[in-house]
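Q: Contents of model_7.pdb (PDB, C-alpha atoms) are given next:
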```pdb
MODEL        1
ATOM      1  CA  MET K1220      -9.684   5.847   6.656
ATOM      2  CA  VAL K1221      -6.853   8.270   7.503
ATOM      3  CA  PRO K1222      -5.671  10.638   4.735
ATOM      4  CA  ASN K1223      -2.170   9.891   3.404
ATOM      5  CA  ILE K1224      -1.999   6.564   5.284
ATOM      6  CA  PHE K1225      -2.423   3.162   3.651
ATOM      7  CA  SER K1226      -1.689   1.382   6.925
ATOM      8  CA  ALA K1227       0.277   2.782   9.850
ATOM      9  CA  GLY K1228       1.355  -0.738  10.765
ATOM     10  CA  LEU K1229       0.787  -2.607  13.989
ATOM     11  CA  ASP K1230      -0.969  -0.829  16.841
ATOM     12  CA  ILE K1231       1.819  -0.696  19.411
ATOM     13  CA  THR K1232      -0.663  -0.027  22.209
ATOM     14  CA  GLU K1233      -1.872  -3.614  21.694
ATOM     15  CA  PHE K1234       1.394  -4.951  23.115
ATOM     16  CA  TYR K1235       2.571  -2.072  25.311
ATOM     17  CA  GLN K1236       1.909  -2.647  29.015
ATOM     18  CA  LYS K1237      -0.374  -5.565  28.236
ATOM     19  CA  LYS K1238      -0.763  -8.956  29.881
ATOM     20  CA  PRO K1239       0.986 -11.834  28.077
ATOM     21  CA  GLU K1240      -2.326 -13.434  27.102
ATOM     22  CA  GLU K1241      -3.450 -10.157  25.509
ATOM     23  CA  THR K1242      -0.257  -9.936  23.468
ATOM     24  CA  ASP K1243      -0.634 -13.596  22.515
ATOM     25  CA  ALA K1244      -4.162 -12.960  21.218
ATOM     26  CA  PHE K1245      -3.044  -9.914  19.241
ATOM     27  CA  TRP K1246      -0.195 -11.786  17.552
ATOM     28  CA  ARG K1247      -2.411 -14.783  16.792
ATOM     29  CA  THR K1248      -4.864 -12.452  15.045
ATOM     30  CA  LEU K1249      -2.063 -10.963  12.952
ATOM     31  CA  GLN K1250      -0.957 -14.448  11.938
ATOM     32  CA  ASP K1251      -4.544 -15.234  10.906
ATOM     33  CA  VAL K1252      -4.825 -12.091   8.783
ATOM     34  CA  PHE K1253      -1.522 -12.752   7.038
ATOM     35  CA  LEU K1254      -2.227 -16.409   6.312
ATOM     36  CA  ARG K1255      -5.657 -15.637   4.883
ATOM     37  CA  LEU K1256      -4.358 -12.812   2.692
ATOM     38  CA  TYR K1257      -1.093 -14.403   1.574
ATOM     39  CA  GLY K1258      -2.821 -17.710   0.876
ATOM     40  CA  SER K1259      -5.991 -16.310  -0.675
ATOM     41  CA  LYS K1260      -7.172 -17.941  -3.905
ATOM     42  CA  LEU K1261      -8.487 -14.549  -4.971
ATOM     43  CA  VAL K1262      -6.448 -12.018  -6.926
ATOM     44  CA  THR K1263      -5.301  -9.442  -4.384
ATOM     45  CA  ILE K1264      -3.984  -6.032  -5.404
ATOM     46  CA  ALA K1265      -2.817  -3.431  -2.895
ATOM     47  CA  ALA K1266      -3.714   0.163  -3.763
ATOM     48  CA  ILE K1267      -1.189   1.894  -1.506
ATOM     49  CA  SER K1268      -2.549   5.411  -1.181
ATOM     50  CA  GLY K1269      -0.161   6.664   1.498
ATOM     51  CA  HIS K1270       2.449   5.695   4.076
ATOM     52  CA  SER K1271       2.844   1.967   4.653
ATOM     53  CA  PRO K1272       5.400   1.126   7.353
ATOM     54  CA  ALA K1273       5.920  -2.164   9.222
ATOM     55  CA  GLY K1274       2.687  -4.184   9.316
ATOM     56  CA  GLY K1275       1.305  -2.062   6.503
ATOM     57  CA  CYS K1276       4.221  -3.102   4.333
ATOM     58  CA  LEU K1277       3.647  -6.738   5.289
ATOM     59  CA  LEU K1278      -0.007  -6.577   4.208
ATOM     60  CA  ALA K1279       0.992  -4.994   0.902
ATOM     61  CA  MET K1280       3.645  -7.662   0.270
ATOM     62  CA  ALA K1281       1.082 -10.377   0.983
ATOM     63  CA  CYS K1282      -0.889  -9.231  -2.071
ATOM     64  CA  ASP K1283      -0.277 -10.392  -5.633
ATOM     65  CA  TYR K1284       0.439  -6.901  -6.984
ATOM     66  CA  ARG K1285       1.176  -3.515  -5.438
ATOM     67  CA  VAL K1286       0.356  -0.070  -6.822
ATOM     68  CA  MET K1287       1.690   2.878  -4.784
ATOM     69  CA  ALA K1288       0.947   6.573  -4.911
ATOM     70  CA  THR K1289       3.787   8.925  -5.804
ATOM     71  CA  GLY K1290       4.654  11.692  -3.372
ATOM     72  CA  LYS K1291       6.295  11.944   0.043
ATOM     73  CA  TYR K1292       5.075   8.524   1.137
ATOM     74  CA  THR K1293       7.232   5.676   2.439
ATOM     75  CA  ILE K1294       7.005   1.916   2.718
ATOM     76  CA  GLY K1295       9.167  -0.681   4.457
ATOM     77  CA  LEU K1296       9.733  -2.832   7.511
ATOM     78  CA  ASN K1297      11.150  -0.389  10.057
ATOM     79  CA  GLU K1298      10.891  -2.548  13.193
ATOM     80  CA  THR K1299      14.530  -2.097  14.234
ATOM     81  CA  LEU K1300      13.979   1.651  14.592
ATOM     82  CA  LEU K1301      11.486   0.830  17.355
ATOM     83  CA  GLY K1302      13.901  -1.551  19.061
ATOM     84  CA  ILE K1303      12.060  -4.695  17.957
ATOM     85  CA  ILE K1304      12.800  -7.305  15.315
ATOM     86  CA  ALA K1305      10.773  -8.609  12.386
ATOM     87  CA  PRO K1306       9.704 -12.254  12.857
ATOM     88  CA  PHE K1307      10.804 -14.923  10.405
ATOM     89  CA  TRP K1308       7.651 -14.764   8.290
ATOM     90  CA  PHE K1309       8.000 -11.000   7.797
ATOM     91  CA  ILE K1310      11.598 -11.629   6.743
ATOM     92  CA  GLU K1311      10.738 -14.474   4.357
ATOM     93  CA  THR K1312       7.932 -12.463   2.768
ATOM     94  CA  MET K1313      10.295  -9.575   2.089
ATOM     95  CA  LYS K1314      13.025 -11.910   0.792
ATOM     96  CA  ASN K1315      10.498 -13.438  -1.594
ATOM     97  CA  THR K1316       9.639  -9.923  -2.774
ATOM     98  CA  ILE K1317      12.942  -8.064  -3.100
ATOM     99  CA  GLY K1318      15.672 -10.675  -2.626
ATOM    100  CA  HIS K1319      18.036 -11.652   0.180
ATOM    101  CA  ARG K1320      20.650  -8.883   0.086
ATOM    102  CA  GLU K1321      18.237  -5.969  -0.158
ATOM    103  CA  THR K1322      16.138  -7.501   2.625
ATOM    104  CA  GLU K1323      19.200  -7.894   4.839
ATOM    105  CA  LYS K1324      20.102  -4.216   4.477
ATOM    106  CA  SER K1325      16.519  -3.057   4.710
ATOM    107  CA  LEU K1326      15.725  -4.899   7.940
ATOM    108  CA  GLN K1327      18.944  -4.048   9.763
ATOM    109  CA  LEU K1328      18.571  -0.351   8.929
ATOM    110  CA  GLY K1329      14.800  -0.243   9.391
ATOM    111  CA  LYS K1330      14.725   1.398   5.972
ATOM    112  CA  LEU K1331      11.651   3.162   4.635
ATOM    113  CA  TYR K1332      11.609   3.557   0.849
ATOM    114  CA  SER K1333      10.145   6.319  -1.279
ATOM    115  CA  PRO K1334       7.663   5.170  -3.960
ATOM    116  CA  GLU K1335      10.358   5.475  -6.627
ATOM    117  CA  GLN K1336      12.884   3.507  -4.573
ATOM    118  CA  ALA K1337      10.278   0.870  -3.772
ATOM    119  CA  GLU K1338       9.432   0.416  -7.438
ATOM    120  CA  ASN K1339      13.119   0.215  -8.361
ATOM    121  CA  ILE K1340      13.776  -2.725  -5.985
ATOM    122  CA  GLY K1341      10.455  -4.474  -6.673
ATOM    123  CA  LEU K1342       8.854  -3.758  -3.309
ATOM    124  CA  VAL K1343       5.986  -2.247  -5.290
ATOM    125  CA  ASP K1344       5.166  -3.102  -8.889
ATOM    126  CA  GLN K1345       3.856   0.236 -10.111
ATOM    127  CA  ILE K1346       3.639   3.858  -9.004
ATOM    128  CA  CYS K1347       0.890   6.279 -10.016
ATOM    129  CA  PRO K1348      -0.232   9.799  -9.108
ATOM    130  CA  PRO K1349      -2.333   9.668  -5.909
ATOM    131  CA  ASP K1350      -5.610  10.300  -7.720
ATOM    132  CA  ASP K1351      -4.926   7.433 -10.134
ATOM    133  CA  VAL K1352      -3.965   4.675  -7.687
ATOM    134  CA  LEU K1353      -7.359   2.970  -7.607
ATOM    135  CA  GLY K1354      -7.735   3.308 -11.368
ATOM    136  CA  CYS K1355      -4.300   1.756 -11.944
ATOM    137  CA  ALA K1356      -5.159  -1.071  -9.537
ATOM    138  CA  ARG K1357      -8.438  -1.760 -11.354
ATOM    139  CA  LYS K1358      -6.701  -1.861 -14.745
ATOM    140  CA  GLU K1359      -4.160  -4.337 -13.406
ATOM    141  CA  MET K1360      -6.918  -6.449 -11.843
ATOM    142  CA  VAL K1361      -8.524  -6.845 -15.281
ATOM    143  CA  LYS K1362      -5.285  -8.407 -16.587
ATOM    144  CA  TRP K1363      -5.080 -10.887 -13.728
ATOM    145  CA  LEU K1364      -8.729 -11.900 -14.026
ATOM    146  CA  LYS K1365      -8.220 -12.872 -17.671
ATOM    147  CA  ILE K1366      -5.927 -15.734 -16.604
ATOM    148  CA  PRO K1367      -7.619 -19.150 -16.220
ATOM    149  CA  ASP K1368      -8.423 -19.271 -12.528
ATOM    150  CA  HIS K1369      -7.357 -22.851 -11.793
ATOM    151  CA  ALA K1370      -3.924 -22.359 -13.374
ATOM    152  CA  ARG K1371      -3.315 -19.067 -11.573
ATOM    153  CA  ILE K1372      -4.399 -20.462  -8.194
ATOM    154  CA  LEU K1373      -2.260 -23.595  -8.466
ATOM    155  CA  THR K1374       0.748 -21.525  -9.513
ATOM    156  CA  LYS K1375       0.244 -19.171  -6.580
ATOM    157  CA  GLN K1376      -0.017 -22.091  -4.173
ATOM    158  CA  LEU K1377       3.177 -23.636  -5.504
ATOM    159  CA  MET K1378       4.979 -20.334  -4.965
ATOM    160  CA  ARG K1379       3.580 -19.598  -1.507
ATOM    161  CA  ASN K1380       2.842 -22.883   0.249
ATOM    162  CA  GLU K1381       6.333 -23.300   1.686
ATOM    163  CA  LEU K1382       6.061 -20.121   3.761
ATOM    164  CA  ILE K1383       2.407 -20.765   4.618
ATOM    165  CA  ASN K1384       3.179 -24.280   5.859
ATOM    166  CA  ASN K1385       6.245 -23.084   7.755
ATOM    167  CA  LEU K1386       4.304 -20.448   9.666
ATOM    168  CA  SER K1387       1.322 -22.746  10.207
ATOM    169  CA  SER K1388       3.551 -25.363  11.837
ATOM    170  CA  LYS K1389       5.316 -22.812  14.063
ATOM    171  CA  ARG K1390       2.447 -20.583  15.158
ATOM    172  CA  LYS K1391       2.666 -21.359  18.886
ATOM    173  CA  GLU K1392       6.447 -20.972  18.890
ATOM    174  CA  ASP K1393       6.192 -17.684  16.990
ATOM    175  CA  ILE K1394       3.600 -16.307  19.419
ATOM    176  CA  TYR K1395       5.734 -17.322  22.394
ATOM    177  CA  ASN K1396       8.845 -15.731  20.888
ATOM    178  CA  PHE K1397       7.076 -12.454  20.122
ATOM    179  CA  THR K1398       5.371 -12.123  23.495
ATOM    180  CA  SER K1399       8.521 -13.076  25.417
ATOM    181  CA  PHE K1400      10.530 -10.508  23.494
ATOM    182  CA  VAL K1401       8.163  -7.516  23.727
ATOM    183  CA  GLN K1402       7.446  -8.181  27.421
ATOM    184  CA  LYS K1403      11.085  -7.474  28.286
ATOM    185  CA  ASP K1404      11.530  -4.318  30.351
ATOM    186  CA  SER K1405      14.028  -2.818  27.903
ATOM    187  CA  ILE K1406      11.643  -3.327  24.963
ATOM    188  CA  GLN K1407       8.681  -1.924  26.893
ATOM    189  CA  ARG K1408      10.738   1.177  27.737
ATOM    190  CA  SER K1409      11.681   1.594  24.082
ATOM    191  CA  LEU K1410       8.059   1.277  22.985
ATOM    192  CA  GLY K1411       6.985   3.743  25.665
ATOM    193  CA  LEU K1412       9.488   6.315  24.452
ATOM    194  CA  TYR K1413       8.291   5.863  20.889
ATOM    195  CA  LEU K1414       4.652   6.352  21.884
ATOM    196  CA  GLU K1415       5.597   9.493  23.813
ATOM    197  CA  SER K1416       7.381  10.856  20.757
ATOM    198  CA  LEU K1417       4.222  10.316  18.704
ATOM    199  CA  LYS K1418       2.177  12.245  21.279
ATOM    200  CA  LYS K1419       4.610  15.165  21.082
ATOM    201  CA  LYS K1420       4.319  15.243  17.282
ATOM    202  CA  LYS K1421       0.546  15.476  17.529
ATOM    203  CA  SER K1422       0.576  18.231  20.168
TER     204      SER K1422
ENDMDL
END
```
Would you encode the structure as structure tokens?
A:
Amino acid sequence: MVPNIFSAGLDITEFYQKKPEETDAFWRTLQDVFLRLYGSKLVTIAAISGHSPAGGCLLAMACDYRVMATGKYTIGLNETLLGIIAPFWFIETMKNTIGHRETEKSLQLGKLYSPEQAENIGLVDQICPPDDVLGCARKEMVKWLKIPDHARILTKQLMRNELINNLSSKRKEDIYNFTSFVQKDSIQRSLGLYLESLKKKKS
């Protein structure tokens, strides 16, 4: 666990200067994680205790409810800032969360939202002081667990099955599209520059 980080997103080193089959395996694993979380019959609540860009934002959106710590943290899908694009299931998940127009602006600009901004547009449901995030998440969980399980699960499935089925039917195509895109020389150069900038920040 890294202080002030909920999830730093996808590990770029997993698809930087990698063989196509390695990138394929990485993307397939991400699909698996998303489908299991987004389609889970369990109540899932994200306690976002720090920064949550890109893949971290996706994981949070896949949950039923999101509580985020106040402070200088950010959340959003910022793929375009790295020279890559969000795949269709990232886009659909965000559209289902904050609506079409806000998603369109957010993705094109690679926007990262403050906790207050995220709450205002519905990207997160609640903000709390950092020390209270887990407590707020637990209180919310109690509310959800009071709902008859069969009714809640069926309702969730009705709301989410369209995206789940769409991704499930296009997994091979999605993997091919991602690997083909990130293997391009121009994209690899962009990713390399980004990784170098991260090294400089740490030094």
Q: What's around range 1357-1360 of chain K at 10 Å? Count all atoms listed in the file, leave out sequence neighbours fewer than 6 positions away in its own chain, and write the answer as a list in words.
A: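 Those residues are Val1262, Thr1263, Ile1264, Ala1266, Asp1283, Tyr1284, Arg1285, Val1286, Gln1345 and Asp1351 of chain K.
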Q: Using all atoms listed in the file, which of the listed residues (K:Leu1256, K:Val1361, K:Leu1328, K:Ile1224) sits closest to Thr1293 in chain K?
A: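 Smallest distance to Thr1293 in chain K is found for K:Ile1224.
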Q: Would you kindly translate the PyMOL selection byres ((chain K and resi 1412-1419) around 10) into the concrete residues it picks from this file, as a ChimeraX atom specification?
A: /K:1231-1232,1235,1300-1302,1406-1411,1420-1422
Q: Just checking: using only C-alpha atoms, which residue out of K:Glu1381, K:Glu1311, K:Asp1368, K:Asp1243 ends up closest to Glu1323 in chain K?
A: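 Among the listed residues, the smallest separation from Glu1323 in chain K belongs to K:Glu1311.
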Q: Excluding Arg1247 in chain K and any residue of its chain fewer than 5 positions from it, enumerate the residues within 9 Å of it, using all atoms listed in the file, and give them as a list in words.
A: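 In the requested form, the answer reads Thr1242, Val1252, Arg1390, Lys1391 and Ile1394 of chain K.
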Q: Care to translate the PyMOL selection byres ((chain K and resi 1402) around 9) into actual residues of this file, as a ChimeraX atom specification?
A: /K:1234-1239,1242,1397-1401,1403-1407
Q: Suppose you want the space between CA of Gln1376 in chain K and CA of Lys1260 in chain K; what is it in Å?
A: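 Between CA of Gln1376 in chain K and CA of Lys1260 in chain K the gap is 8.3 Å.
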Q: On this file, the PyMOL selection byres ((chain K and resi 1288) around 7) gives some set of residues; write that set as a PyMOL selection string.
A: chain K and resi 1267-1269+1286-1287+1289-1290+1334+1346-1349+1352
Q: Between CA of His1270 in chain K and CA of Arg1379 in chain K, what is the distance in Å, rounded to a tenth?
A: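 Rounded to one decimal, the two atoms are 25.9 Å apart.
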Q: So that all listed atoms of range 1276-1283 of chain K fit with 3 Å spare on each side, what axis-aligned box centre and edge lengths in Å, to one decimal, would you give as JSON?
A:
```
{"center_x": 1.7, "center_y": -6.7, "center_z": -0.2, "size_x": 11.1, "size_y": 13.3, "size_z": 16.9}
```
Q: Do you have the CA of Glu1298 in chain K-CA of Cys1276 in chain K distance handy?
A: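 So the two atoms, CA of Glu1298 in chain K and CA of Cys1276 in chain K, lie 11.1 Å apart.
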Q: When you count only C-alpha atoms, which of these residues is closest to Asp1393 in chain K: K:Asn1223, K:Gln1250, K:Asn1297, K:Asn1315?
A: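 Answer, going by the shortest atom-to-atom distance: K:Gln1250.
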Q: Find the residue from K:Thr1312, K:Ser1388, K:Ser1271, K:Thr1374 that sits nearest to Lys1291 in chain K; use only C-alpha atoms when measuring.
A: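 When distances to Lys1291 in chain K are compared using only C-alpha atoms, the smallest one comes from K:Ser1271.
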